[in-house]
Structure formats: structure tokens, C-alpha cells
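This is model09.txt (compact mmCIF, C-alpha atoms).
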```
# COMPACT_ATOMS: atom_id res chain seq x y z
CA PHE A 23 7.63 -29.93 -53.89
CA CYS A 24 9.38 -33.29 -53.57
CA HIS A 25 9.20 -33.41 -49.76
CA LEU A 26 5.48 -32.62 -49.73
CA GLN A 27 4.84 -35.20 -52.43
CA CYS A 28 6.77 -37.86 -50.51
CA PHE A 29 4.93 -36.94 -47.31
CA TRP A 30 1.55 -37.22 -48.99
CA SER A 31 2.50 -40.57 -50.54
CA ASP A 32 3.54 -41.93 -47.13
CA ILE A 33 0.35 -40.65 -45.51
CA ASN A 34 -1.83 -42.24 -48.20
CA GLY A 35 -0.04 -45.54 -47.71
CA LEU A 36 -0.40 -45.44 -43.93
CA PHE A 37 -4.05 -44.40 -44.23
CA ALA A 38 -4.78 -47.30 -46.58
CA ALA A 39 -3.09 -49.75 -44.21
CA THR A 40 -4.99 -48.35 -41.21
CA ASP A 41 -8.39 -48.34 -42.98
CA GLU A 42 -9.02 -52.05 -42.36
CA ILE A 43 -12.59 -52.14 -43.63
CA LYS A 44 -11.70 -50.04 -46.71
CA ASP A 45 -14.51 -47.52 -46.35
CA GLY A 46 -12.31 -44.47 -46.94
CA SER A 47 -12.29 -43.42 -43.30
CA ILE A 48 -10.54 -44.26 -40.04
CA GLN A 49 -12.57 -45.58 -37.11
CA THR A 50 -11.62 -45.07 -33.45
CA ASN A 51 -10.28 -48.61 -32.98
CA GLU A 52 -8.28 -48.34 -36.21
CA LEU A 53 -6.70 -45.07 -35.03
CA GLY A 54 -5.72 -46.73 -31.75
CA LYS A 55 -4.00 -49.61 -33.56
CA CYS A 56 -2.19 -47.17 -35.85
CA MET A 57 -0.88 -45.07 -32.96
CA THR A 58 0.35 -48.21 -31.20
CA LYS A 59 2.22 -49.32 -34.33
CA LEU A 60 3.80 -45.85 -34.51
CA GLY A 61 5.16 -46.34 -30.98
CA PHE A 62 2.69 -44.19 -29.03
CA LYS A 63 0.95 -45.37 -25.86
CA PHE A 64 -2.35 -43.54 -25.93
CA THR A 65 -5.11 -44.93 -23.72
CA GLU A 66 -8.57 -45.66 -25.08
CA THR A 67 -9.86 -42.45 -23.48
CA GLN A 68 -7.06 -40.40 -25.07
CA ILE A 69 -7.67 -41.97 -28.49
CA LYS A 70 -11.36 -41.11 -28.31
CA TYR A 71 -10.52 -37.51 -27.37
CA MET A 72 -7.97 -37.21 -30.20
CA TYR A 73 -10.47 -38.70 -32.63
CA LYS A 74 -13.12 -36.15 -31.66
CA MET A 75 -10.67 -33.25 -31.96
CA ALA A 76 -9.30 -34.45 -35.32
CA ASP A 77 -12.79 -34.79 -36.82
CA ALA A 78 -12.72 -31.22 -38.15
CA ASP A 79 -15.99 -31.43 -40.12
CA GLY A 80 -17.82 -33.14 -37.26
CA ASN A 81 -19.18 -36.01 -39.38
CA GLY A 82 -18.05 -38.69 -36.93
CA THR A 83 -15.26 -40.10 -39.11
CA ILE A 84 -11.66 -39.20 -39.95
CA ASP A 85 -10.77 -38.89 -43.62
CA VAL A 86 -7.26 -38.84 -45.06
CA GLU A 87 -6.82 -35.06 -44.71
CA GLU A 88 -7.89 -35.15 -41.05
CA PHE A 89 -5.63 -38.17 -40.51
CA ALA A 90 -2.67 -36.26 -41.99
CA SER A 91 -3.43 -33.27 -39.78
CA LEU A 92 -3.51 -35.44 -36.67
CA LEU A 93 -0.19 -37.10 -37.45
CA LEU A 94 1.44 -33.73 -38.13
CA PHE A 95 0.03 -32.42 -34.89
CA THR A 96 1.46 -35.32 -32.87
CA HIS A 97 4.82 -34.71 -34.55
CA TYR A 98 4.77 -31.04 -33.57
CA CYS A 99 3.70 -31.99 -30.05
CA GLU A 100 6.88 -34.04 -29.73
CA LYS A 101 8.86 -30.83 -30.31
CA LEU A 102 6.63 -28.87 -27.95
CA TYR A 103 7.01 -31.58 -25.31
CA ALA A 104 10.80 -31.28 -25.52
CA ILE A 105 10.47 -27.53 -24.89
CA ALA A 106 8.08 -27.97 -21.95
CA ASP A 107 10.20 -30.70 -20.34
CA GLU A 108 12.86 -28.29 -19.10
CA ASP A 109 14.65 -30.69 -16.75
CA GLY A 110 14.76 -33.50 -19.34
CA ASP A 111 13.12 -36.14 -17.16
CA ASN A 112 10.67 -37.12 -19.93
CA LYS A 113 7.63 -35.77 -18.11
CA VAL A 114 6.05 -32.36 -17.64
CA SER A 115 5.22 -31.07 -14.18
CA ILE A 116 2.52 -28.51 -13.41
CA ALA A 117 5.24 -25.89 -12.89
CA GLU A 118 6.78 -26.69 -16.28
CA LEU A 119 3.38 -26.58 -17.98
CA LYS A 120 2.59 -23.15 -16.53
CA LYS A 121 5.96 -21.84 -17.68
CA PHE A 122 5.32 -23.34 -21.13
CA LEU A 123 1.85 -21.79 -21.63
CA PRO A 124 3.10 -18.53 -23.25
CA HIS A 125 4.45 -20.65 -26.13
CA LEU A 126 0.79 -21.38 -26.90
CA GLY A 127 -0.25 -17.75 -26.54
CA ILE A 128 -1.86 -18.49 -23.16
CA PRO A 129 -1.07 -16.41 -20.03
CA GLU A 130 1.04 -18.22 -17.43
CA SER A 131 -1.39 -16.92 -14.80
CA ARG A 132 -4.42 -18.76 -16.23
CA LYS A 133 -6.51 -19.66 -13.18
CA ASP A 134 -8.00 -22.99 -14.27
CA ILE A 135 -4.77 -24.65 -15.38
CA ASP A 136 -4.47 -26.72 -12.18
CA ASP A 137 -7.92 -28.22 -12.76
CA ILE A 138 -7.15 -28.91 -16.44
CA PHE A 139 -3.85 -30.54 -15.43
CA LYS A 140 -5.66 -32.87 -13.00
CA GLN A 141 -8.24 -33.72 -15.66
CA PHE A 142 -5.63 -34.89 -18.16
CA ASP A 143 -3.16 -36.45 -15.70
CA GLU A 144 -4.93 -39.72 -16.35
CA ASP A 145 -2.60 -41.95 -14.30
CA LYS A 146 -2.62 -39.45 -11.39
CA SER A 147 1.19 -39.43 -11.27
CA GLY A 148 1.41 -35.68 -10.74
CA ASP A 149 3.20 -35.28 -14.09
CA LEU A 150 2.19 -35.37 -17.74
CA GLN A 151 3.53 -38.13 -19.94
CA TYR A 152 3.77 -37.36 -23.67
CA GLU A 153 0.37 -38.85 -24.48
CA GLU A 154 -1.29 -36.85 -21.69
CA PHE A 155 0.53 -33.73 -22.88
CA VAL A 156 -0.87 -34.11 -26.43
CA SER A 157 -4.43 -34.20 -25.08
CA ILE A 158 -4.00 -31.16 -22.87
CA VAL A 159 -2.42 -29.13 -25.70
CA MET A 160 -5.36 -30.06 -27.93
CA LYS A 161 -7.81 -28.82 -25.31
CA LEU A 162 -5.95 -25.57 -24.69
CA LEU A 163 -5.52 -24.74 -28.36
CA PHE A 164 -8.69 -25.98 -30.02
CA THR A 165 -11.45 -25.54 -27.47
CA ASP A 166 -10.79 -23.10 -24.64
CA ASN A 167 -8.62 -20.82 -26.75
CA ASP A 168 -10.83 -20.67 -29.84
CA VAL A 169 -11.28 -16.93 -30.38
CA VAL A 170 -13.02 -17.53 -33.71
CA SER A 171 -15.93 -19.55 -32.27
CA LYS A 172 -16.33 -17.03 -29.45
CA ASN A 173 -16.65 -14.19 -31.98
CA ILE A 174 -18.45 -15.99 -34.80
CA ASP A 175 -21.51 -13.71 -34.82
CA LYS A 176 -19.29 -10.64 -34.95
CA LEU A 177 -17.28 -12.14 -37.82
CA VAL A 178 -20.39 -13.07 -39.81
CA ASN A 179 -21.70 -9.51 -39.56
CA LEU A 180 -18.30 -7.99 -40.39
CA PHE A 181 -17.85 -10.25 -43.41
CA LYS A 182 -21.28 -9.27 -44.74
CA GLU A 183 -20.48 -5.59 -44.21
CA LEU A 184 -17.15 -5.86 -46.04
CA ASP A 185 -18.60 -7.92 -48.92
CA THR A 186 -19.92 -4.83 -50.70
CA ASP A 187 -20.56 -6.58 -54.02
CA LYS A 188 -22.37 -9.47 -52.26
CA SER A 189 -20.21 -12.06 -54.01
CA GLY A 190 -19.61 -14.15 -50.91
CA GLN A 191 -15.89 -13.43 -51.32
CA LEU A 192 -13.68 -10.55 -50.20
CA SER A 193 -11.45 -8.86 -52.73
CA ALA A 194 -8.09 -7.41 -51.66
CA LYS A 195 -9.69 -3.96 -51.50
CA GLU A 196 -12.61 -5.17 -49.38
CA LEU A 197 -10.26 -7.05 -47.07
CA GLU A 198 -8.07 -3.97 -46.68
CA ALA A 199 -11.11 -2.14 -45.31
CA GLY A 200 -11.60 -5.05 -42.93
CA TYR A 201 -8.18 -4.61 -41.37
CA THR A 202 -9.12 -1.06 -40.43
CA LYS A 203 -12.42 -2.16 -38.90
CA MET A 204 -10.59 -4.83 -36.88
CA GLY A 205 -8.29 -2.14 -35.51
CA PHE A 206 -5.17 -2.89 -37.57
CA LYS A 207 -3.18 -0.31 -39.50
CA PHE A 208 -1.42 -2.24 -42.26
CA ASN A 209 -0.01 -0.17 -45.10
CA ALA A 210 -0.72 -1.09 -48.73
CA LYS A 211 2.25 -3.48 -49.12
CA GLN A 212 1.62 -5.19 -45.77
CA SER A 213 -2.07 -5.54 -46.59
CA LYS A 214 -1.30 -7.13 -49.96
CA PHE A 215 1.18 -9.56 -48.41
CA ILE A 216 -1.19 -10.67 -45.62
CA SER A 217 -4.19 -10.91 -47.94
CA LYS A 218 -2.24 -13.20 -50.26
CA ILE A 219 -1.47 -15.54 -47.37
CA ALA A 220 -5.11 -15.48 -46.23
CA ASP A 221 -6.12 -16.69 -49.70
CA ALA A 222 -5.15 -20.28 -48.88
CA ASN A 223 -6.74 -21.82 -51.99
CA ASN A 224 -5.16 -19.22 -54.31
CA SER A 225 -8.53 -18.18 -55.74
CA GLY A 226 -7.70 -14.47 -55.77
CA GLU A 227 -10.27 -13.69 -53.09
CA VAL A 228 -10.90 -14.62 -49.45
CA ASP A 229 -13.96 -16.62 -48.46
CA PHE A 230 -15.57 -16.63 -45.00
CA GLU A 231 -13.61 -19.62 -43.70
CA GLU A 232 -10.32 -18.06 -44.78
CA PHE A 233 -11.43 -14.77 -43.22
CA CYS A 234 -12.08 -16.52 -39.89
CA HIS A 235 -8.65 -18.17 -39.93
CA LEU A 236 -7.06 -14.81 -40.69
CA TYR A 237 -8.87 -13.23 -37.76
CA GLY A 238 -7.71 -16.03 -35.47
CA PHE A 239 -4.14 -15.71 -36.68
CA LEU A 240 -4.01 -11.94 -36.21
CA THR A 241 -5.46 -12.36 -32.72
CA ASP A 242 -2.77 -14.92 -31.89
CA VAL A 243 -0.03 -12.64 -33.21
CA LYS A 244 -1.43 -9.81 -31.10
CA THR A 245 -1.10 -12.04 -28.03
CA ILE A 246 2.51 -12.83 -28.92
CA PHE A 247 3.22 -9.14 -29.54
CA GLN A 248 1.81 -8.16 -26.15
CA GLN A 249 3.75 -10.95 -24.46
CA PHE A 250 7.12 -9.79 -25.80
CA ASP A 251 6.43 -6.05 -25.62
CA THR A 252 7.78 -6.19 -22.09
CA ASN A 253 7.79 -2.46 -21.39
CA LYS A 254 4.28 -2.09 -22.91
CA ASP A 255 5.21 0.83 -25.18
CA GLY A 256 3.44 -0.64 -28.22
CA ILE A 257 6.78 -1.28 -29.91
CA ILE A 258 8.99 -4.36 -30.24
CA GLN A 259 12.59 -3.38 -29.59
CA ILE A 260 15.37 -5.44 -31.13
CA GLU A 261 16.13 -7.07 -27.77
CA GLU A 262 12.46 -8.07 -27.43
CA LEU A 263 12.45 -9.45 -30.98
CA ASP A 264 15.55 -11.48 -30.20
CA LYS A 265 13.84 -13.08 -27.19
CA CYS A 266 10.68 -13.73 -29.18
CA LEU A 267 12.49 -15.49 -32.05
CA LYS A 268 14.60 -17.54 -29.62
CA ASP A 269 11.47 -18.65 -27.78
CA LEU A 270 10.10 -19.70 -31.17
CA LEU A 271 13.32 -21.73 -31.67
CA PHE A 272 15.01 -19.52 -34.25
CA HIS A 273 18.65 -18.62 -33.71
CA PHE A 274 19.55 -15.49 -35.64
CA SER A 275 22.98 -13.97 -35.06
CA PRO A 276 23.15 -10.32 -33.89
CA GLN A 277 23.99 -9.26 -37.45
CA GLN A 278 21.10 -11.25 -38.93
CA LEU A 279 18.72 -9.90 -36.31
CA LYS A 280 19.68 -6.30 -37.11
CA PHE A 281 19.20 -7.04 -40.81
CA LEU A 282 15.70 -8.50 -40.32
CA TYR A 283 14.72 -5.64 -38.05
CA LYS A 284 15.83 -3.07 -40.60
CA MET A 285 14.12 -4.81 -43.52
CA VAL A 286 10.65 -4.95 -41.92
CA ASP A 287 10.89 -1.47 -40.39
CA SER A 288 8.84 -0.04 -43.28
CA ASP A 289 8.55 3.49 -41.90
CA LYS A 290 12.29 3.53 -41.04
CA ASN A 291 11.73 4.89 -37.53
CA GLY A 292 14.00 2.30 -35.91
CA LYS A 293 11.07 0.53 -34.20
CA LEU A 294 8.71 -2.34 -35.00
CA ASP A 295 5.01 -1.75 -34.44
CA PHE A 296 2.40 -4.51 -34.46
CA GLU A 297 1.87 -4.39 -38.21
CA GLU A 298 5.60 -4.64 -38.96
CA PHE A 299 5.98 -7.44 -36.41
CA THR A 300 3.11 -9.35 -38.04
CA THR A 301 4.73 -8.97 -41.46
CA LEU A 302 7.99 -10.38 -40.12
CA LEU A 303 6.37 -13.45 -38.54
CA LEU A 304 4.44 -14.15 -41.74
CA PHE A 305 7.55 -13.74 -43.86
CA VAL A 306 9.45 -16.16 -41.62
CA HIS A 307 6.62 -18.66 -42.02
CA VAL A 308 6.65 -18.31 -45.80
CA CYS A 309 10.41 -18.78 -45.88
CA GLU A 310 10.05 -21.98 -43.87
CA LYS A 311 7.96 -23.40 -46.70
CA LEU A 312 10.40 -22.12 -49.31
CA PHE A 313 13.38 -23.50 -47.38
CA ALA A 314 11.78 -26.96 -47.29
CA ILE A 315 11.40 -26.83 -51.07
CA ALA A 316 14.95 -25.57 -51.65
CA ASP A 317 16.49 -28.19 -49.34
CA THR A 318 16.06 -31.05 -51.80
CA ASP A 319 18.40 -33.50 -50.04
CA GLY A 320 16.79 -33.03 -46.60
CA SER A 321 20.05 -31.93 -44.98
CA ASN A 322 18.41 -28.94 -43.26
CA THR A 323 20.74 -26.65 -45.21
CA VAL A 324 20.71 -25.21 -48.73
CA SER A 325 23.80 -25.61 -50.86
CA ILE A 326 24.72 -23.22 -53.67
CA GLU A 327 23.65 -25.84 -56.22
CA GLU A 328 20.28 -26.24 -54.51
CA LEU A 329 19.91 -22.45 -54.50
CA LYS A 330 20.57 -22.27 -58.24
CA VAL A 331 17.88 -24.88 -58.86
CA PHE A 332 15.46 -23.17 -56.48
CA LEU A 333 15.66 -19.58 -57.77
CA PRO A 334 13.67 -20.24 -60.97
CA PHE A 335 10.80 -21.38 -58.75
CA LEU A 336 10.62 -17.75 -57.60
CA GLU A 337 11.02 -16.53 -61.17
CA VAL A 338 14.40 -15.07 -60.25
CA LYS A 339 16.85 -14.68 -63.09
CA ALA A 340 20.41 -14.40 -61.85
CA SER A 341 23.78 -15.31 -63.31
CA ASP A 342 25.98 -17.87 -61.59
CA ASP A 343 28.27 -15.06 -60.43
CA GLU A 344 25.32 -13.15 -58.91
CA VAL A 345 24.08 -16.24 -57.10
CA LYS A 346 27.59 -17.01 -55.84
CA LYS A 347 28.05 -13.45 -54.57
CA ALA A 348 24.74 -13.47 -52.68
CA PHE A 349 25.44 -16.95 -51.32
CA THR A 350 28.91 -15.99 -50.06
CA THR A 351 27.61 -12.79 -48.47
CA PHE A 352 24.96 -14.53 -46.38
CA ASP A 353 26.83 -17.75 -45.60
CA GLU A 354 27.82 -16.08 -42.35
CA ASP A 355 29.55 -19.07 -40.76
CA LYS A 356 31.35 -19.89 -44.05
CA SER A 357 30.15 -23.49 -43.87
CA GLY A 358 29.44 -23.71 -47.60
CA ALA A 359 25.71 -24.18 -46.98
CA LEU A 360 22.88 -21.89 -45.83
CA SER A 361 21.07 -22.52 -42.57
CA PHE A 362 17.44 -21.40 -42.38
CA GLU A 363 18.45 -18.14 -40.71
CA GLU A 364 21.01 -17.42 -43.44
CA PHE A 365 18.49 -18.41 -46.12
CA ILE A 366 15.80 -16.01 -44.93
CA CYS A 367 18.30 -13.12 -44.86
CA LEU A 368 19.36 -13.92 -48.42
CA VAL A 369 15.72 -13.98 -49.53
CA MET A 370 15.11 -10.60 -47.94
CA SER A 371 18.34 -9.13 -49.29
CA LEU A 372 17.32 -9.81 -52.86
CA THR A 373 14.01 -8.05 -52.14
CA PHE A 374 12.08 -11.21 -52.86
CA LYS A 375 8.93 -9.94 -51.15
CA GLN A 376 7.13 -9.11 -54.36
CA ILE A 377 8.56 -12.16 -56.13
CA VAL A 378 7.50 -14.43 -53.30
CA LEU A 379 3.98 -13.06 -53.61
CA LYS A 380 3.77 -14.42 -57.14
CA GLN A 381 4.42 -17.95 -55.90
CA LEU A 382 3.03 -17.74 -52.37
CA GLY A 383 -0.43 -18.92 -53.29
CA CYS A 384 1.04 -21.98 -54.97
CA VAL A 385 3.13 -22.80 -51.90
CA MET A 386 0.23 -22.38 -49.48
CA GLN A 387 -2.15 -24.31 -51.75
CA THR A 388 0.24 -27.28 -51.84
CA CYS A 389 0.60 -27.19 -48.07
CA SER A 390 -3.20 -27.09 -47.76
CA ALA A 391 -3.37 -30.45 -49.51
CA CYS A 392 -1.59 -31.99 -46.53
CA ILE A 393 -2.68 -29.88 -43.58
CA SER A 394 -6.21 -28.84 -42.73
CA GLU A 395 -6.57 -25.10 -42.28
CA SER A 396 -7.28 -25.43 -38.56
CA TYR A 397 -3.86 -26.97 -38.07
CA GLN A 398 -2.25 -24.50 -40.46
CA LEU A 399 -3.48 -21.88 -38.02
CA LEU A 400 -1.65 -23.65 -35.21
CA PHE A 401 1.59 -23.78 -37.19
CA LEU A 402 1.22 -20.15 -38.15
CA SER A 403 0.60 -19.10 -34.58
CA LEU A 404 3.60 -21.03 -33.34
CA ILE A 405 5.72 -20.18 -36.44
CA HIS A 406 7.62 -23.33 -35.98
```
Just give me the structure of the file as C-alpha cells.
Amino acid sequence: FCHLQCFWSDINGLFAATDEIKDGSIQTNELGKCMTKLGFKFTETQIKYMYKMADADGNGTIDVEEFASLLLFTHYCEKLYAIADEDGDNKVSIAELKKFLPHLGIPESRKDIDDIFKQFDEDKSGDLQYEEFVSIVMKLLFTDNDVVSKNIDKLVNLFKELDTDKSGQLSAKELEAGYTKMGFKFNAKQSKFISKIADANNSGEVDFEEFCHLYGFLTDVKTIFQQFDTNKDGIIQIEELDKCLKDLLFHFSPQQLKFLYKMVDSDKNGKLDFEEFTTLLLFVHVCEKLFAIADTDGSNTVSIEELKVFLPFLEVKASDDEVKKAFTTFDEDKSGALSFEEFICLVMSLTFKQIVLKQLGCVMQTCSACISESYQLLFLSLIH
């Protein structure tokens, strides 16, 4: 967890330096000064909007967790901005924004996007600068596209119905019944895997807030599934999966893609349905967290020595020869180090799914210390 610990230490230091009056919270003017020091050029109006959106509990102040979430969000927006800015001119046109919308799970044909663009094009240049782009992404993701708030009454009633023992928590068995009522058909293994991820605080059960985030995530995945199911047959073909993963900035080789496809095809019918597709996206997300832990030197690759150190974290007992054999097999480019794509195939090859489940709660709980659950939902939905 060294990277997460270093991140949290840096955030605490920056928060303390930004909190000028030492009241344990960040005020609007303090946030503006911080963003300027970090090299951003947000206007006063943009800062106020960001402040309001980052105030997750609505108490009118930003605490250290909300501050961390906001900084992570701006970092991810830099990557999203690079994707949206197709011609590389360091600005995003209305045409580029419309083409980019599917990356956020929003239809390219959305009718009000021109009006939203004009609203956030603060300097009226006809293009979005980075700071304007951050504000518009916030609006699209956390207000207009909030399926949870739009269905909150339905979710309250469903949660109460599923909570048969009236404990205020959903057990794995109760949650499994919920998938059926929500129209999903996860098998026992898929249900267990998804339920473990939903249990963000690793309590062994899912509370209402976690249930709402799970509902939002599954809705987002359904949107992605429908977007890439181009022939609308209810199945993701391998060519469609390839396009999906590339759009999400993963670069699996043809051999790796076939391997992933085969591994998550639980009914072995040569096709991926929605439930299998969801399992794959979740597994990729989990492996991103595991990869960050394994990559101790921050090189964006995992060496064989790092792999040997990492395996005990997953309670994997393997001899040096076994580790070397697995490493050599999946080091496809023979570079002597595993890229993320090679790493995830190795994890799957050793049938780590059940092993990962033992440690998954710990991984997600540590991540929760740095990222509020609302922003975890964003990262999950983008799988980036």
C-alpha cells in the first residue's frame, strides 16, 4: 500500500497548508489559492461551482476526504481532456465534446448539450479550455446523469423489501435476490464477486449507501454494454469488446483479448452476455488496484522480483520456479517486466478470482480512505 500511503501523506500536507485558518476545512477562497498554486486557472465562478460539487455531505465546507476526491477528479479530468481534444489544439470544440460524450456513458445525440456548452464556455471563445471542461464534466456526471437520485424512492423501497431480517444491512443472500429484482441474472460466483466489491467498508454486508452506489454502477455498465453492443443482439462479441477496451484506454493484444474473453465466458458458449461483461469490467478494475500495489517502484510495470513480493499479499504460495514460469508465459513482449495487460492475464491464468476475493475488501477499504464513494463510482464507471 506504499503508493496509497504516500498519496495520503501528500494530501494531508497540502490540505494543512491550504487550511489557512486551521479549522479543519477548506473555504472557497482557500481552494482558489490552492488551485492557482497547482498551476490551474479556474475563475472565481468555476471555483465556487467546484466547491459546491465537491461538498459531498452538503455541510458547506470541504474536509480532507472531499479535498482528496476533488484533486483526484481534476487529475482524471486531465486524462479525459486529452482524449476529448482529438486535434491536439489544447481546447475542446462542441463537435469534439459531442464525440466524447459516450466515454461518460452519455448519448452523443443528447439534445441539450449545445445549451450546456454555452453555459460553461465562460469566455465565449466557442471552445472549452481545461478549466471549463472540468466544470462541464462535473455537471454531466454528478447532476444531470445521477440515476441514483432520480430513483431514490424506488431504491429505498427495494432495499426495505430485500432486508428481510430488518437489520438495515443486506447479506450476500439478500443482495443476490436484489439482482434478480433489478433484472440482472448473475450466477452464484458472479453474484459473490460483485457483492464483495459493493461492500466498500469490508463489513461483510451492504448498507443502503453502498447499495445505491452498486445500483448506479450497474446502470452505468448497462449503458456501456448497450453502447458497444453495436448489432443489438444482447451479446458482446470479441470485436466489440476490443473496441470497448480500447476506448477505455486499455491495449490488449489479440492473444490477450481472446484469453480474457474465454476466462469470463462462464457458460462457455463463446459469447459474453451483460453479466459476464460486468464481471470482466469489475475484474479489470480490481486488477488496476492490485497492479498499483505490485508496482512498488512506480515504473508502470511489474518485475519478477516485484511479483514475488506481491504474491503473498494474495495469499498465493508458489515456488520461485512456478513464479518464473508464469511470468515468462505472460511476458508476451519479452521485455522482462509485465505491463498492466500482461499482469491481468497472469492473475486470471492462476485462477486468482477466489484468492482476490479474500483480499478485495482490504484493497477497496484502503482506496476508500482516499476517495469518496461518489468518485469511486466515477472511476468504476470509466474503469480508468
Task: Who sits within 12 Å of Thr202 (chain A), only C-alpha atoms, same chain under 5 positions skipped, as a count of residues only - done: 11
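In terms of minimum interatomic distance to Lys182 (chain A), A:Asp229 ranks closest within A:Asp221, A:Ile84, A:Asp229, A:Lys330, counting all atoms listed in the file.
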Would you tabulate, counting only C-alpha atoms, all residues of region 117-234 of chain A that have an atom at most 10 Å from an atom of region 101-109 of chain A, showing the closest pair of atoms and their distance in Å to one decimal, sorted by chain then ascending number, as a Markdown table?
```
| residue | atom | partner | partner_atom | distance |
| --- | --- | --- | --- | --- |
| A:Ala117 | CA | A:Ala106 | CA | 9.7 |
| A:Glu118 | CA | A:Ala106 | CA | 6.0 |
| A:Leu119 | CA | A:Ala106 | CA | 6.3 |
| A:Lys120 | CA | A:Ala106 | CA | 9.1 |
| A:Lys121 | CA | A:Ala106 | CA | 7.8 |
| A:Phe122 | CA | A:Ala106 | CA | 5.5 |
| A:Leu123 | CA | A:Ala106 | CA | 8.8 |
| A:His125 | CA | A:Leu102 | CA | 8.7 |
| A:Leu126 | CA | A:Leu102 | CA | 9.6 |
| A:Leu150 | CA | A:Asp107 | CA | 9.6 |
| A:Gln151 | CA | A:Tyr103 | CA | 9.2 |
| A:Tyr152 | CA | A:Tyr103 | CA | 6.8 |
| A:Glu153 | CA | A:Tyr103 | CA | 9.9 |
| A:Phe155 | CA | A:Tyr103 | CA | 7.2 |
| A:Val156 | CA | A:Tyr103 | CA | 8.4 |
| A:Val159 | CA | A:Leu102 | CA | 9.3 |
```
Please report, as JSON, the centre and edge lengths in Å to one decimal of an axis-aligned box covering all listed atoms of region 347-365 of chain A with 5 Å per side.
```
{"center_x": 24.4, "center_y": -18.5, "center_z": -47.6, "size_x": 23.9, "size_y": 21.4, "size_z": 23.9}
```
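Nearest residue to Thr96 (chain A), choosing from A:Asp295, A:Glu154, A:Asp32, A:Asp264 and counting all atoms listed in the file: A:Glu154.
CA of Leu177 (chain A) sits 23.7 Å away from CA of Leu303 (chain A).
For the atom pair formed by CA of Gly61 (chain A) and CA of Lys44 (chain A), the distance is 23.4 Å, given to one decimal.
Atom pair CA of Lys290 (chain A) / CA of Gln249 (chain A): separated by 23.6 Å.
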TODO: Please identify all polymer residues within 12 Å of region 265-280 of chain A, counting only C-alpha atoms, omitting same-chain residues fewer than 6 positions from it, and present them as JSON, numbers by chain.
DONE: {"A": [101, 102, 104, 105, 106, 121, 122, 123, 124, 125, 126, 127, 243, 245, 246, 247, 248, 249, 250, 251, 252, 258, 259, 286, 287, 292, 293, 294, 299, 302, 303, 306, 307, 310, 351, 352, 353, 354, 355, 361, 362, 363, 364, 365, 366, 367, 368, 370, 371, 401, 402, 403, 404, 405, 406]}
Open item on the list: Every residue with an atom at most 9 Å from (-5.3, -33.2, -28.5) (file coordinates; only C-alpha atoms) is what I'm after, so could you write them as a PyMOL selection string?
Closed with: chain A and resi 68+71-76+92+95-96+153-164
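Distances here use all atoms listed in the file; by that measure, the residue among A:Ile216, A:Ile128, A:Ile257, A:Leu312 closest to Val228 (chain A) is A:Ile216.
Closest approach to Asp255 (chain A) among A:Phe296, A:Cys56, A:Gln49, A:Gly82 is made by A:Phe296 (distances from all atoms listed in the file).
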